[in-house]
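Below: query28.txt (compact mmCIF, C-alpha atoms)
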```
# COMPACT_ATOMS: atom_id res chain seq x y z
CA MET A 734 5.76 -13.50 32.95
CA VAL A 735 4.64 -14.76 36.31
CA TRP A 736 1.11 -15.57 35.15
CA THR A 737 2.44 -17.87 32.43
CA THR A 738 4.78 -19.64 34.85
CA ALA A 739 1.97 -19.99 37.38
CA ALA A 740 -0.45 -21.41 34.81
CA LEU A 741 2.17 -23.86 33.59
CA ALA A 742 3.13 -24.95 37.10
CA VAL A 743 -0.44 -25.73 38.14
CA SER A 744 -1.50 -27.38 34.87
CA LEU A 745 1.61 -29.58 34.71
CA THR A 746 1.08 -30.55 38.35
CA ILE A 747 -2.41 -31.76 37.44
CA VAL A 748 -1.05 -33.73 34.47
CA VAL A 749 1.57 -35.51 36.59
CA GLN A 750 -0.92 -36.17 39.39
CA GLU A 751 -3.45 -37.71 37.01
CA ARG A 752 -0.88 -39.87 35.22
CA THR A 753 0.52 -41.15 38.55
CA GLY A 754 -2.89 -41.64 40.18
CA SER A 755 -2.10 -39.14 42.92
CA VAL A 756 -4.57 -36.29 42.37
CA HIS A 757 -4.53 -34.02 45.42
CA PRO A 758 -5.77 -30.40 45.22
CA PRO A 759 -3.21 -28.92 47.65
CA GLY A 760 -0.51 -30.06 45.23
CA GLY A 761 -1.69 -27.36 42.86
CA ALA A 762 -1.48 -24.81 45.68
CA THR A 763 2.04 -25.99 46.54
CA ALA A 764 3.14 -25.42 42.94
CA LEU A 765 1.48 -22.00 42.71
CA CYS A 766 2.88 -20.93 46.07
CA PHE A 767 6.47 -21.53 44.90
CA VAL A 768 5.85 -19.33 41.86
CA THR A 769 4.12 -16.43 43.59
CA VAL A 770 5.81 -16.23 47.02
CA LEU A 771 9.34 -14.93 46.43
CA PRO A 772 10.93 -16.04 49.76
CA LEU A 773 10.02 -19.67 49.00
CA ARG A 774 12.03 -19.63 45.79
CA THR A 775 15.22 -19.18 47.80
CA LEU A 776 14.74 -22.77 48.96
CA GLY A 777 15.28 -24.08 45.42
CA TRP A 778 14.85 -27.85 45.08
CA LEU A 779 14.74 -28.19 48.89
CA TYR A 780 11.19 -26.84 48.66
CA MET A 781 10.20 -30.35 47.54
CA ILE A 782 11.50 -31.77 50.84
CA CYS A 783 10.37 -29.01 53.17
CA PRO A 784 7.61 -27.92 53.24
CA ALA A 785 6.10 -30.05 50.42
CA LEU A 786 7.03 -33.59 51.56
CA LEU A 787 7.63 -33.01 55.27
CA GLY A 788 4.45 -31.00 55.75
CA ALA A 789 2.38 -33.63 53.98
CA CYS A 790 3.88 -36.41 56.12
CA VAL A 791 3.16 -34.49 59.32
CA LEU A 792 -0.50 -33.85 58.42
CA VAL A 793 -1.06 -37.45 57.29
CA ALA A 794 0.43 -38.76 60.54
CA ILE A 795 -1.74 -36.45 62.64
CA GLY A 796 -4.72 -37.43 60.50
CA MET A 797 -4.12 -41.09 61.33
CA LEU A 798 -3.83 -40.37 65.04
CA THR A 799 -6.92 -38.14 65.29
CA ASN A 800 -9.33 -39.46 62.65
CA ASN A 801 -9.11 -43.02 63.93
CA LEU A 802 -10.18 -41.95 67.42
CA SER A 803 -13.70 -41.86 65.98
CA VAL A 804 -15.46 -45.20 65.64
CA ALA A 805 -17.13 -43.85 62.50
CA ARG A 806 -13.81 -43.03 60.79
CA ALA A 807 -11.03 -45.09 59.27
CA TYR A 808 -7.98 -43.32 57.87
CA PRO A 809 -6.46 -44.06 55.46
CA GLN A 810 -9.11 -45.66 53.27
CA THR A 811 -6.53 -47.07 50.86
CA SER A 812 -3.14 -48.58 51.56
CA TRP A 813 0.09 -49.37 49.76
CA VAL A 814 0.26 -52.78 51.42
CA SER A 815 -2.28 -55.59 51.36
CA HIS A 816 -3.76 -56.80 54.61
CA GLU A 817 -6.75 -58.68 55.94
CA THR A 818 -9.49 -56.43 57.26
CA GLN A 819 -11.20 -57.58 60.40
CA GLY A 820 -14.64 -56.80 61.79
CA LYS A 821 -15.01 -53.87 64.15
CA ASP A 822 -15.68 -56.18 67.12
CA ALA A 823 -12.92 -58.70 66.33
CA SER A 824 -10.18 -56.81 68.18
CA PRO A 825 -9.76 -54.95 71.47
CA PRO A 826 -10.18 -51.15 71.17
CA VAL A 827 -6.45 -50.36 71.17
CA ARG A 828 -5.65 -53.01 68.59
CA ALA A 829 -8.63 -51.93 66.46
CA TYR A 830 -7.43 -48.33 66.66
CA PHE A 831 -3.94 -49.08 65.40
CA GLY A 832 -5.33 -51.61 62.93
CA LYS A 833 -7.02 -48.74 61.12
CA PHE A 834 -3.57 -47.34 60.32
CA LEU A 835 -3.17 -50.13 57.74
CA GLY A 836 -6.06 -48.75 55.70
CA ALA A 837 -9.67 -49.75 55.17
CA GLY A 838 -8.89 -51.73 52.03
CA VAL A 839 -10.73 -49.41 49.63
CA GLU A 840 -9.42 -49.57 46.06
CA PRO A 841 -7.92 -46.30 44.77
CA PRO A 842 -9.72 -44.61 41.86
CA PRO A 843 -8.55 -45.62 38.36
CA ARG A 844 -6.32 -43.33 36.36
CA PRO A 845 -8.25 -41.20 33.87
CA PRO A 846 -7.74 -41.56 30.09
CA LEU A 847 -5.29 -39.27 28.31
CA THR A 848 -8.13 -37.28 26.77
CA HIS A 849 -9.36 -36.40 30.27
CA THR A 850 -5.86 -35.24 31.21
CA ALA A 851 -5.62 -33.12 28.07
CA PHE A 852 -8.77 -31.21 28.99
CA SER A 853 -7.58 -30.92 32.59
CA PHE A 854 -4.37 -29.32 31.35
CA LEU A 855 -6.09 -26.90 28.98
CA GLY A 856 -8.73 -25.86 31.49
CA SER A 857 -6.36 -25.35 34.40
CA PHE A 858 -3.88 -23.43 32.25
CA ALA A 859 -6.65 -21.15 30.99
CA GLY A 860 -8.06 -20.67 34.50
CA ILE A 861 -4.80 -19.74 36.21
CA ALA A 862 -3.70 -17.66 33.22
CA THR A 863 -6.94 -15.67 33.40
CA LEU A 864 -6.41 -15.04 37.11
CA GLY A 865 -2.81 -14.05 36.40
CA ILE A 866 -3.72 -11.56 33.69
CA ILE A 867 -6.30 -9.88 35.92
CA HIS A 868 -3.76 -9.98 38.75
CA THR A 869 -1.19 -8.02 36.72
CA GLN A 870 -3.76 -5.28 36.19
CA LEU A 871 -4.63 -5.15 39.90
CA VAL A 872 -0.98 -4.93 40.93
CA GLU A 873 -0.54 -1.81 38.80
CA ILE A 874 -3.23 0.00 40.79
CA HIS A 875 -1.52 2.42 43.16
CA ASP A 876 -3.30 1.55 46.36
CA PRO A 877 -1.83 0.88 49.83
CA ARG A 878 -4.01 -2.22 50.10
CA HIS A 879 -1.91 -4.04 47.44
CA TRP A 880 -4.69 -5.80 45.51
CA VAL A 881 -3.86 -9.35 44.39
CA LEU A 882 -5.72 -12.21 42.75
CA LEU A 883 -3.10 -14.87 42.01
CA VAL A 884 -2.81 -16.61 45.37
CA ALA A 885 -1.93 -20.20 46.22
CA PRO A 886 -5.42 -21.53 47.12
CA PHE A 887 -6.51 -21.15 43.50
CA GLY A 888 -3.94 -23.75 42.52
CA ALA A 889 -5.86 -26.22 44.69
CA MET A 890 -9.19 -24.99 43.32
CA ALA A 891 -7.93 -25.54 39.76
CA VAL A 892 -7.26 -29.19 40.55
CA LEU A 893 -10.82 -29.63 41.77
CA VAL A 894 -12.59 -27.62 39.07
CA PHE A 895 -10.62 -28.96 36.11
CA SER A 896 -9.45 -32.42 37.19
CA ALA A 897 -12.28 -33.52 39.49
CA CYS A 898 -15.10 -31.42 38.04
CA LYS A 899 -17.73 -34.05 38.93
CA ALA A 900 -16.81 -34.09 42.61
CA PRO A 901 -19.32 -32.45 44.98
CA LEU A 902 -16.54 -30.29 46.43
CA ALA A 903 -15.87 -28.78 42.99
CA GLN A 904 -19.39 -27.51 42.32
CA PRO A 905 -20.06 -23.73 42.21
CA ARG A 906 -21.82 -23.54 45.59
CA ASN A 907 -18.91 -25.21 47.37
CA ALA A 908 -16.22 -23.49 45.33
CA ILE A 909 -17.52 -19.95 45.64
CA LEU A 910 -19.04 -19.99 49.12
CA GLY A 911 -16.48 -22.36 50.64
CA ASN A 912 -13.56 -20.23 49.47
CA THR A 913 -15.21 -16.99 50.51
CA ILE A 914 -15.88 -18.45 53.96
CA GLY A 915 -12.17 -19.24 54.20
CA GLY A 916 -11.27 -15.63 53.48
CA MET A 917 -13.82 -14.35 56.01
CA VAL A 918 -12.71 -16.71 58.78
CA GLY A 919 -9.04 -15.95 58.12
CA TRP A 920 -9.72 -12.23 58.55
CA PHE A 921 -11.84 -12.90 61.66
CA ALA A 922 -9.17 -15.07 63.30
CA VAL A 923 -6.41 -12.50 62.75
CA THR A 924 -8.63 -9.64 63.95
CA ALA A 925 -9.87 -11.49 67.04
CA MET A 926 -6.41 -12.68 68.08
CA GLY A 927 -5.09 -9.15 67.61
CA MET A 928 -7.81 -7.70 69.83
CA LEU A 929 -6.91 -10.25 72.51
CA GLY A 930 -3.25 -9.25 72.33
CA LEU A 931 -2.26 -12.63 70.87
CA GLY A 932 -1.49 -11.50 67.35
CA ASN A 933 2.12 -12.66 67.62
CA MET A 934 1.01 -16.27 68.13
CA VAL A 935 0.87 -17.03 64.42
CA TRP A 936 0.70 -20.80 64.80
CA THR A 937 -2.35 -20.54 67.08
CA THR A 938 -4.06 -18.07 64.75
CA ALA A 939 -3.33 -20.29 61.75
CA ALA A 940 -4.70 -23.41 63.45
CA LEU A 941 -7.78 -21.52 64.62
CA ALA A 942 -8.42 -20.03 61.16
CA VAL A 943 -8.26 -23.35 59.34
CA SER A 944 -10.22 -25.36 61.92
CA LEU A 945 -12.97 -22.73 62.17
CA THR A 946 -13.17 -22.59 58.38
CA ILE A 947 -13.83 -26.33 58.31
CA VAL A 948 -16.50 -25.98 61.01
CA VAL A 949 -18.36 -23.22 59.15
CA GLN A 950 -18.05 -25.05 55.83
CA GLU A 951 -19.48 -28.25 57.31
CA LEU A 952 -22.33 -26.42 59.02
CA THR A 953 -23.27 -24.62 55.79
CA GLY A 954 -22.72 -27.60 53.49
CA THR A 955 -20.02 -25.80 51.53
CA VAL A 956 -16.90 -27.88 52.22
CA HIS A 957 -14.17 -26.83 49.79
CA PRO A 958 -10.51 -27.64 50.66
CA PRO A 959 -9.00 -24.49 49.08
CA GLY A 960 -11.07 -22.49 51.57
CA GLY A 961 -8.79 -23.72 54.33
CA ALA A 962 -5.79 -22.55 52.31
CA GLN A 963 -7.51 -19.19 51.76
CA ALA A 964 -7.80 -18.71 55.52
CA LEU A 965 -4.23 -19.86 56.16
CA CYS A 966 -2.78 -17.54 53.50
CA TYR A 967 -4.32 -14.50 55.18
CA VAL A 968 -2.73 -15.49 58.48
CA VAL A 969 0.81 -16.28 57.30
CA LEU A 970 1.32 -13.80 54.45
CA ALA A 971 1.69 -10.27 55.82
CA PRO A 972 1.10 -8.49 52.47
CA LEU A 973 -2.38 -10.04 52.26
CA ARG A 974 -3.32 -8.68 55.67
CA THR A 975 -3.04 -5.12 54.33
CA LEU A 976 -6.28 -5.85 52.45
CA GLY A 977 -8.20 -6.24 55.68
CA LEU A 978 -11.83 -7.21 55.14
CA TRP A 979 -11.45 -6.54 51.41
CA TYR A 980 -9.58 -9.88 51.28
CA VAL A 981 -12.97 -11.58 51.43
CA LEU A 982 -14.00 -9.84 48.20
CA CYS A 983 -10.69 -9.99 46.36
CA PRO A 984 -9.12 -12.48 46.00
CA SER A 985 -11.45 -14.88 47.87
CA LEU A 986 -14.80 -14.26 46.17
CA LEU A 987 -13.67 -12.74 42.86
CA GLY A 988 -11.01 -15.36 42.18
CA SER A 989 -13.47 -18.18 42.90
CA MET A 990 -15.99 -16.73 40.47
CA VAL A 991 -13.32 -16.37 37.75
CA LEU A 992 -12.20 -20.01 38.05
CA VAL A 993 -15.77 -21.31 38.10
CA GLY A 994 -16.53 -19.18 35.05
CA VAL A 995 -13.54 -20.55 33.14
CA GLY A 996 -14.54 -24.03 34.30
CA LEU A 997 -17.96 -23.62 32.68
CA PHE A 998 -16.41 -22.87 29.29
CA ALA A 999 -13.39 -25.19 29.41
CA ASN A 1000 -14.88 -28.33 30.99
CA ASN A 1001 -17.93 -28.40 28.75
CA LEU A 1002 -15.78 -28.46 25.63
CA SER A 1003 -15.36 -32.16 26.40
CA GLN A 1004 -18.29 -34.44 25.62
CA ALA A 1005 -17.32 -36.57 28.61
CA ARG A 1006 -17.72 -33.68 31.03
CA THR A 1007 -20.66 -31.71 32.36
CA TYR A 1008 -19.89 -28.81 34.67
CA PRO A 1009 -21.45 -27.99 36.96
CA GLN A 1010 -23.17 -31.12 38.15
CA GLY A 1011 -25.48 -28.84 40.10
CA TRP A 1012 -25.53 -25.12 40.84
CA TRP A 1013 -27.01 -25.03 44.33
```

Write the structure described by the file as structure tokens, please.
Amino acid sequence: MVWTTAALAVSLTIVVQERTGSVHPPGGATALCFVTVLPLRTLGWLYMICPALLGACVLVAIGMLTNNLSVARAYPQTSWVSHETQGKDASPPVRAYFGKFLGAGVEPPPRPPLTHTAFSFLGSFAGIATLGIIHTQLVEIHDPRHWVLLVAPFGAMAVLVFSACKAPLAQPRNAILGNTIGGMVGWFAVTAMGMLGLGNMVWTTAALAVSLTIVVQELTGTVHPPGGAQALCYVVLAPLRTLGLWYVLCPSLLGSMVLVGVGLFANNLSQARTYPQGWW
């Protein structure tokens, strides 16, 4: 019962993240990916080290090196160690640059109450389970395109829609359009690189797909982190590429609409929640 395992993996990930004050949408995708991508299961517990931990460390390190090149950015905002923040003009440029690595001194968000976590668990379990049930029906269709719906990016979307449902990035416009853009850009990047004879350069295609997804999302005001994962999945998972342009419709668009729909019913069961905060 893959759909049950998937729903449990994502919902428990959200519970642990909320109780430890470490909510991060890609964590849900990491959990769902281990369940649904068979080759990854051969890694066993090492999956926690690589790619989960190592990949996160690499991206955070690169984020510190690149984000802090901008005067308008400071990454990270929070820090595990206390330090004295200095004015922007108090240090030479190089020292100011590396000083940002210590963090901007912003306090991390408080941990939510247990009642919030309970609704996060119920909603995310229902959302992923619904996707999984529909997925099992799609898999049984005898079609060379191999229709799927239960893909890793929806683990990240579940964290946003059910754990951070008030966040701007979790609202229907961002969730549906941002994820669909990711699917479209992923298909475009693979197609374009193939036409240029560079289809074997997977790392270049992957980097191009994700970065272009972010550009289009920012330009259209539909930033949604799982959209980047949606683009990346199309590049690195060969079975998904058999869908071609249909990947934009299913799973990208259809899956987003299913999770938003479940979010409407599940989140609003709680008096402390109102979802969506705005439709458009």

Counting all atoms listed in the file, the residue of A:Thr769, A:Thr953, A:Gln1010, A:Gln750 that sits nearest Leu883 in chain A: A:Thr769

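When all atoms listed in the file are used to measure the gap to Val993 in chain A, the shortest distance among A:Thr975, A:Ser755, A:Asn800, A:Thr863 belongs to A:Thr863.
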
Using only C-alpha atoms, which residues sit within 12 Å of Leu973 in chain A once same-chain residues fewer than 2 positions away are excluded, as number ranges by chain? A: 770, 877-885, 916, 919-920, 923, 963-971, 975-981, 983-985

Taking all atoms listed in the file into account, name the residue in A:Gly860, A:Pro826, A:Gly865, A:Gly754 that is nearest to Gly996 in chain A. A:Gly860

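The space separating CA of Ser857 in chain A from CA of Phe998 in chain A comes to 11.5 Å.
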
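Shortest separation to Gly888 in chain A among A:Gly988, A:Gly915, A:Gly954, A:Gly777 occurs at residue A:Gly988, atoms counted being all atoms listed in the file.
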
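When all atoms listed in the file are used to compute distances to Ala805 in chain A, the closest of the residues A:Lys833, A:Arg828, A:His757, A:Arg752 turns out to be A:Lys833.
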
Find the residues with any atom within 10 Å of (-9.0, -44.9, 46.2); use only C-alpha atoms and the coordinates as given in the file, and write the answer as a list in words. Gly754, Ser755, Pro809, Gln810, Thr811, Ser812, Gly838, Val839, Glu840, Pro841, Pro842 and Pro843 of chain A

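Nearest-residue note for Pro845 in chain A: choosing from A:Ile867, A:Leu893, A:Ala785, A:Val748, the minimum distance belongs to A:Val748, counting only C-alpha atoms.
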
Provide the CA of Leu779 in chain A to CA of Val935 in chain A distance in Å, to one decimal place. 23.6 Å

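What separates CA of Ile947 in chain A from CA of Gly960 in chain A is a distance of 8.2 Å.
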
Dump as an MDAnalysis selection string all residues having an atom at most 10 Å from (-20.5, -17.1, 48.4), computed in the file's coordinates with only C-alpha atoms. chainID A and resid 905:914 955 981:982 985:987 989:990

Spatial neighbours of Thr799 in chain A, 12 Å, only C-alpha atoms, chain gap at least 5 places, as a VMD selection string: chain A and resid 792 to 794 804 806 to 809 830 to 831 833 to 834
